[in-house]
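Input: a single structure, listed below in structure tokens.
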Amino acid sequence: MLQLQQIGATSAGLAYIDLLSYRDKLMELLLFSSASTSTGFLAHVAQEIVKRRNGRQRALFIPFASVTTSWDRYTDIVREALKETGLEIRGIHEVVDSLSEIARADCIIVGGGNTWRLLKECRDRAFLDAVPKRVRENALYVGWSAGVNMACPLIATTNDMPIVDPRGFAAFGLIDFQINPHYTNAVPEGYGGETRDERIIEFLTANPTARVLGLPESDWLHISSTQAELRGETPAMLFLANQPPREIPLGLLPAF
Ligand code: ASP
């Protein structure tokens, strides 16, 4: 798991995450709140992969979050949308020996959908150890929505309904904080349920040592061996137990 540390004050007076002190020096992650932005479906994802591809060729797509669209179809859609990356993308459900394929993959792409279903399928196939191991060996991890929830220690800050029982909430644990994808605290008129902020605060009340980053629709994180950066259009929102939510501006992530 990534260990976040401070390296001291910068000219802006903020302490930034020192990724050089991470134990997992080789990890590189692209974590997108959403598959779609104003640029279209996965267009921002394709663009970022092209920048970070670095000669990587063999990509595996994990489509298990999809519930109403078949995994074949979902894989075809993603393959088409990410064509310009030049990656050779295969659906993990199509390969004969998925664990050996993970061990040889240069890039692991985890699509959105229902996070509970995704975790259950990954646990059933013993991917919870295999995927983080390969990412620590420098396979690029690309996830959007449910794929972001899976990079966290737990899937407990997903927005999804628990439609299947994943037998525990522990996920890949590639980072040591929680992300809430599709973050917004907008409340439709006449809505009487909990707001997003209230749900996150409930999570922190039950899990006071956790940290939750609310990642708005247009945003993503690029985490590499040298820096962790918030990219996109809108500031993110950081939630810590017993503290008011704090806006996190675009740019290098402050230590939190
Ligand atoms: N269902 C979302 C997605 O994958 C994940 C979430 O909202 O937690 O798009």
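In the structure tokens, chains take letters A, B, ... by order of appearance, with residues numbered from 1 within each chain and ligands from 1 in the order shown.
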**Residues near Asn149 of chain A, cut-off 8 Å, only C-alpha atoms, skip fewer than 5 positions along chain, as a count of residues only** = 10
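Near Trp144 of chain A, within 6 Å and counting only C-alpha atoms, sit Leu31, Phe32, Ser33, Ser34, Ala35, Gly111 and Gly112 of chain A; same-chain residues fewer than 6 positions away were not included.
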**Asked** Just asking: which residues within segment 157-206 of chain A are strand (DSSP E) according to DSSP, as a list in words?
**Response** Gln178, Ile179, Asn180, Pro181, His182 and Tyr183 of chain A
Selected residues, C-alpha atoms, written as a PDB file, in the first residue's frame, please.
```pdb
ATOM      1  CA  GLN A 178     -10.637   6.302   0.139  1.00  0.00           C
ATOM      2  CA  ILE A 179     -12.060   7.958  -2.967  1.00  0.00           C
ATOM      3  CA  ASN A 180     -15.703   8.743  -3.597  1.00  0.00           C
ATOM      4  CA  PRO A 181     -16.064   8.857  -7.403  1.00  0.00           C
ATOM      5  CA  HIS A 182     -18.710  10.980  -9.158  1.00  0.00           C
ATOM      6  CA  TYR A 183     -18.509  13.282  -6.154  1.00  0.00           C
TER       7      TYR A 183
END
```
**segment 53-65 of chain A surroundings by only C-alpha atoms, 8 Å radius, close-in-sequence under 5 positions cut, as a VMD selection string** = chain A and resid 71 74 to 75 85 to 93 101 to 102 104 to 118 121 to 122 140 146
Output N, CA and C atoms for every residue in the selection just made, as an mmCIF file, in the first residue's frame.
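Produced file out32.cif, reproduced below:
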```
data_model
loop_
_atom_site.group_PDB
_atom_site.id
_atom_site.type_symbol
_atom_site.label_atom_id
_atom_site.label_comp_id
_atom_site.auth_asym_id
_atom_site.auth_seq_id
_atom_site.Cartn_x
_atom_site.Cartn_y
_atom_site.Cartn_z
ATOM 1 N N TRP A 71 -20.070 -8.805 -20.731
ATOM 2 C CA TRP A 71 -18.642 -8.488 -20.590
ATOM 3 C C TRP A 71 -17.983 -8.437 -21.972
ATOM 4 N N TYR A 74 -18.965 -4.983 -23.419
ATOM 5 C CA TYR A 74 -18.273 -3.912 -22.683
ATOM 6 C C TYR A 74 -16.807 -3.853 -23.134
ATOM 7 N N THR A 75 -16.197 -5.023 -23.281
ATOM 8 C CA THR A 75 -14.783 -5.068 -23.697
ATOM 9 C C THR A 75 -14.638 -4.483 -25.102
ATOM 10 N N THR A 85 -4.712 4.420 -28.197
ATOM 11 C CA THR A 85 -3.600 4.206 -27.259
ATOM 12 C C THR A 85 -2.577 3.233 -27.833
ATOM 13 N N GLY A 86 -3.015 2.410 -28.813
ATOM 14 C CA GLY A 86 -2.107 1.421 -29.388
ATOM 15 C C GLY A 86 -1.916 0.203 -28.484
ATOM 16 N N LEU A 87 -2.591 0.174 -27.330
ATOM 17 C CA LEU A 87 -2.476 -0.983 -26.439
ATOM 18 C C LEU A 87 -3.204 -2.174 -27.063
ATOM 19 N N GLU A 88 -2.700 -3.355 -26.799
ATOM 20 C CA GLU A 88 -3.394 -4.574 -27.245
ATOM 21 C C GLU A 88 -4.274 -4.995 -26.060
ATOM 22 N N ILE A 89 -5.590 -4.750 -26.185
ATOM 23 C CA ILE A 89 -6.487 -4.920 -25.019
ATOM 24 C C ILE A 89 -7.280 -6.221 -25.119
ATOM 25 N N ARG A 90 -7.145 -7.075 -24.105
ATOM 26 C CA ARG A 90 -7.973 -8.294 -24.045
ATOM 27 C C ARG A 90 -8.823 -8.278 -22.787
ATOM 28 N N GLY A 91 -10.044 -8.786 -22.894
ATOM 29 C CA GLY A 91 -10.920 -8.907 -21.726
ATOM 30 C C GLY A 91 -10.384 -10.037 -20.863
ATOM 31 N N ILE A 92 -10.335 -9.819 -19.563
ATOM 32 C CA ILE A 92 -9.787 -10.837 -18.661
ATOM 33 C C ILE A 92 -10.659 -12.104 -18.688
ATOM 34 N N HIS A 93 -11.955 -11.940 -19.000
ATOM 35 C CA HIS A 93 -12.859 -13.088 -19.032
ATOM 36 C C HIS A 93 -12.623 -13.946 -20.289
ATOM 37 N N GLU A 101 -1.948 -14.409 -17.033
ATOM 38 C CA GLU A 101 -2.020 -13.229 -17.901
ATOM 39 C C GLU A 101 -1.814 -11.952 -17.074
ATOM 40 N N ILE A 102 -2.394 -11.921 -15.874
ATOM 41 C CA ILE A 102 -2.178 -10.746 -15.014
ATOM 42 C C ILE A 102 -0.686 -10.602 -14.711
ATOM 43 N N ARG A 104 1.705 -11.181 -16.480
ATOM 44 C CA ARG A 104 2.494 -10.711 -17.637
ATOM 45 C C ARG A 104 1.985 -9.383 -18.201
ATOM 46 N N ALA A 105 0.917 -8.852 -17.617
ATOM 47 C CA ALA A 105 0.286 -7.656 -18.204
ATOM 48 C C ALA A 105 1.149 -6.411 -17.988
ATOM 49 N N ASP A 106 1.126 -5.514 -18.986
ATOM 50 C CA ASP A 106 1.815 -4.221 -18.849
ATOM 51 C C ASP A 106 0.858 -3.160 -18.319
ATOM 52 N N CYS A 107 -0.433 -3.446 -18.456
ATOM 53 C CA CYS A 107 -1.431 -2.447 -18.085
ATOM 54 C C CYS A 107 -2.703 -3.183 -17.655
ATOM 55 N N ILE A 108 -3.285 -2.764 -16.550
ATOM 56 C CA ILE A 108 -4.533 -3.372 -16.076
ATOM 57 C C ILE A 108 -5.584 -2.272 -16.019
ATOM 58 N N ILE A 109 -6.655 -2.485 -16.785
ATOM 59 C CA ILE A 109 -7.704 -1.463 -16.921
ATOM 60 C C ILE A 109 -8.967 -1.991 -16.248
ATOM 61 N N VAL A 110 -9.507 -1.214 -15.317
ATOM 62 C CA VAL A 110 -10.686 -1.683 -14.575
ATOM 63 C C VAL A 110 -11.840 -0.710 -14.824
ATOM 64 N N GLY A 111 -12.872 -1.211 -15.476
ATOM 65 C CA GLY A 111 -13.991 -0.366 -15.899
ATOM 66 C C GLY A 111 -15.026 -0.162 -14.803
ATOM 67 N N GLY A 112 -15.866 0.839 -15.018
ATOM 68 C CA GLY A 112 -16.910 1.171 -14.062
ATOM 69 C C GLY A 112 -18.156 0.316 -14.211
ATOM 70 N N GLY A 113 -19.090 0.564 -13.319
ATOM 71 C CA GLY A 113 -20.330 -0.219 -13.269
ATOM 72 C C GLY A 113 -20.681 -0.434 -11.814
ATOM 73 N N ASN A 114 -21.099 -1.628 -11.449
ATOM 74 C CA ASN A 114 -21.434 -1.896 -10.048
ATOM 75 C C ASN A 114 -20.205 -2.425 -9.301
ATOM 76 N N THR A 115 -19.798 -1.676 -8.297
ATOM 77 C CA THR A 115 -18.561 -1.984 -7.571
ATOM 78 C C THR A 115 -18.658 -3.301 -6.788
ATOM 79 N N TRP A 116 -19.852 -3.612 -6.282
ATOM 80 C CA TRP A 116 -20.030 -4.831 -5.480
ATOM 81 C C TRP A 116 -19.824 -6.056 -6.346
ATOM 82 N N ARG A 117 -20.389 -5.985 -7.534
ATOM 83 C CA ARG A 117 -20.233 -7.089 -8.490
ATOM 84 C C ARG A 117 -18.759 -7.245 -8.895
ATOM 85 N N LEU A 118 -18.120 -6.097 -9.147
ATOM 86 C CA LEU A 118 -16.709 -6.110 -9.543
ATOM 87 C C LEU A 118 -15.857 -6.776 -8.462
ATOM 88 N N GLU A 121 -16.485 -10.646 -8.190
ATOM 89 C CA GLU A 121 -15.865 -11.422 -9.276
ATOM 90 C C GLU A 121 -14.351 -11.461 -9.108
ATOM 91 N N CYS A 122 -13.777 -10.337 -8.683
ATOM 92 C CA CYS A 122 -12.317 -10.297 -8.483
ATOM 93 C C CYS A 122 -11.916 -11.216 -7.329
ATOM 94 N N LEU A 140 0.827 -0.491 -15.451
ATOM 95 C CA LEU A 140 0.026 0.730 -15.276
ATOM 96 C C LEU A 140 -1.398 0.329 -14.871
ATOM 97 N N ALA A 146 -16.075 2.562 -10.689
ATOM 98 C CA ALA A 146 -15.918 1.373 -9.853
ATOM 99 C C ALA A 146 -14.447 0.917 -9.835
#
```
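Distances from A:Pro208, A:Gly192, A:Gly147, A:Pro254 to ligand 1 were compared using only C-alpha atoms and all ligand atoms, and the smallest one belongs to A:Gly147.
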**Request:** Taking the DSSP assignment computed from this structure's backbone, write out as a ChimeraX atom specification all residues of segment 38-209 of chain A that belong to helix (DSSP H, G or I).
**Result:** /A:43-52,71-81,83-85,92-94,98-104,115-124,127-136,146-149,196-206
Write a file of the just-selected residues containing C-alpha atoms, as a short mmCIF file (atom, residue, chain, number, x, y, z; two decimals), in the first residue's frame.
```cif
data_model
loop_
_atom_site.label_atom_id
_atom_site.label_comp_id
_atom_site.auth_asym_id
_atom_site.auth_seq_id
_atom_site.Cartn_x
_atom_site.Cartn_y
_atom_site.Cartn_z
CA ALA A 43 -11.50 10.35 -24.52
CA HIS A 44 -9.65 11.80 -21.50
CA VAL A 45 -8.66 8.28 -20.42
CA ALA A 46 -7.20 7.50 -23.88
CA GLN A 47 -5.32 10.78 -23.91
CA GLU A 48 -3.70 10.15 -20.53
CA ILE A 49 -2.80 6.56 -21.36
CA VAL A 50 -1.04 7.73 -24.53
CA LYS A 51 1.09 10.11 -22.40
CA ARG A 52 2.00 7.44 -19.84
CA TRP A 71 -18.64 -8.49 -20.59
CA ASP A 72 -17.91 -9.20 -24.30
CA ARG A 73 -19.79 -6.11 -25.39
CA TYR A 74 -18.27 -3.91 -22.68
CA THR A 75 -14.78 -5.07 -23.70
CA ASP A 76 -15.51 -4.29 -27.36
CA ILE A 77 -16.74 -0.81 -26.48
CA VAL A 78 -13.66 -0.07 -24.37
CA ARG A 79 -11.28 -1.55 -26.95
CA GLU A 80 -12.79 0.73 -29.59
CA ALA A 81 -12.73 3.81 -27.34
CA LYS A 83 -7.94 2.32 -29.93
CA GLU A 84 -5.67 5.33 -30.26
CA THR A 85 -3.60 4.21 -27.26
CA ILE A 92 -9.79 -10.84 -18.66
CA HIS A 93 -12.86 -13.09 -19.03
CA GLU A 94 -11.64 -14.13 -22.53
CA SER A 98 -6.23 -15.19 -16.08
CA LEU A 99 -3.70 -15.28 -13.21
CA SER A 100 -0.75 -15.91 -15.53
CA GLU A 101 -2.02 -13.23 -17.90
CA ILE A 102 -2.18 -10.75 -15.01
CA ALA A 103 1.38 -11.68 -14.09
CA ARG A 104 2.49 -10.71 -17.64
CA THR A 115 -18.56 -1.98 -7.57
CA TRP A 116 -20.03 -4.83 -5.48
CA ARG A 117 -20.23 -7.09 -8.49
CA LEU A 118 -16.71 -6.11 -9.54
CA LEU A 119 -15.27 -6.94 -6.12
CA LYS A 120 -17.13 -10.25 -5.89
CA GLU A 121 -15.87 -11.42 -9.28
CA CYS A 122 -12.32 -10.30 -8.48
CA ARG A 123 -12.37 -12.09 -5.13
CA ASP A 124 -13.83 -15.28 -6.67
CA PHE A 127 -7.39 -11.24 -8.30
CA LEU A 128 -7.21 -9.36 -4.98
CA ASP A 129 -3.60 -10.48 -4.56
CA ALA A 130 -2.64 -10.93 -8.22
CA VAL A 131 -3.57 -7.44 -9.46
CA PRO A 132 -1.82 -5.38 -6.73
CA LYS A 133 1.26 -7.60 -7.07
CA ARG A 134 1.48 -6.88 -10.80
CA VAL A 135 0.80 -3.15 -10.34
CA ARG A 136 3.69 -3.03 -7.85
CA ALA A 146 -15.92 1.37 -9.85
CA GLY A 147 -12.31 0.82 -10.98
CA VAL A 148 -11.32 3.70 -8.71
CA ASN A 149 -13.23 2.25 -5.77
CA ARG A 196 -23.39 12.68 -0.42
CA ASP A 197 -21.56 14.64 2.28
CA GLU A 198 -23.78 13.13 4.97
CA ARG A 199 -23.04 9.62 3.69
CA ILE A 200 -19.29 10.24 3.69
CA ILE A 201 -19.46 11.73 7.19
CA GLU A 202 -21.36 8.63 8.35
CA PHE A 203 -18.55 6.48 6.92
CA LEU A 204 -15.94 8.57 8.77
CA THR A 205 -17.90 8.41 12.00
CA ALA A 206 -17.72 4.63 11.85
#
```
**Item:** From A:Pro249, A:Gly214, A:Gly173, A:Pro188, residue lying nearest ligand 1 [only C-alpha atoms and all ligand atoms]
**Value:** A:Gly214
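For segment 218-231 of chain A, the set of protein, DNA and RNA residues having any atom at most 7 Å away, when counting only C-alpha atoms and skipping those fewer than 6 positions along the same chain, is Leu19, Leu20, Lys25, Leu26, Met27, Glu28, Leu29, Leu30, Leu31, Phe32, Ser33, Ser34, Thr37, Leu250, Gly251, Leu252 and Leu253 of chain A.
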With C-alpha atoms kept, could you save the residues just selected as a CSV table (one decimal), in the first residue's frame?
```csv
chain,number,residue,atom,x,y,z
A,19,LEU,CA,5.9,9.8,-3.5
A,20,LEU,CA,9.6,9.0,-3.5
A,25,LYS,CA,8.2,3.1,-5.9
A,26,LEU,CA,7.3,1.7,-9.3
A,27,MET,CA,3.5,2.1,-9.1
A,28,GLU,CA,1.7,4.2,-11.6
A,29,LEU,CA,-2.0,4.8,-11.4
A,30,LEU,CA,-4.5,6.7,-13.4
A,31,LEU,CA,-7.8,7.0,-11.4
A,32,PHE,CA,-10.7,8.7,-13.3
A,33,SER,CA,-13.9,9.7,-11.5
A,34,SER,CA,-16.0,9.0,-14.6
A,37,THR,CA,-16.4,14.1,-19.6
A,250,LEU,CA,-6.1,21.0,-9.0
A,251,GLY,CA,-2.4,20.3,-9.0
A,252,LEU,CA,0.0,18.4,-6.8
A,253,LEU,CA,-1.9,16.8,-3.9
```
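Closest to ligand 1 among A:Glu194, A:Glu217, A:Asp160, A:Asp97 is A:Asp160, based on only C-alpha atoms and all ligand atoms.
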**Best match for closeness to ligand 1 among A:Ala126, A:Ala139, A:Cys152, A:Val95, counting only C-alpha atoms and all ligand atoms** = A:Cys152
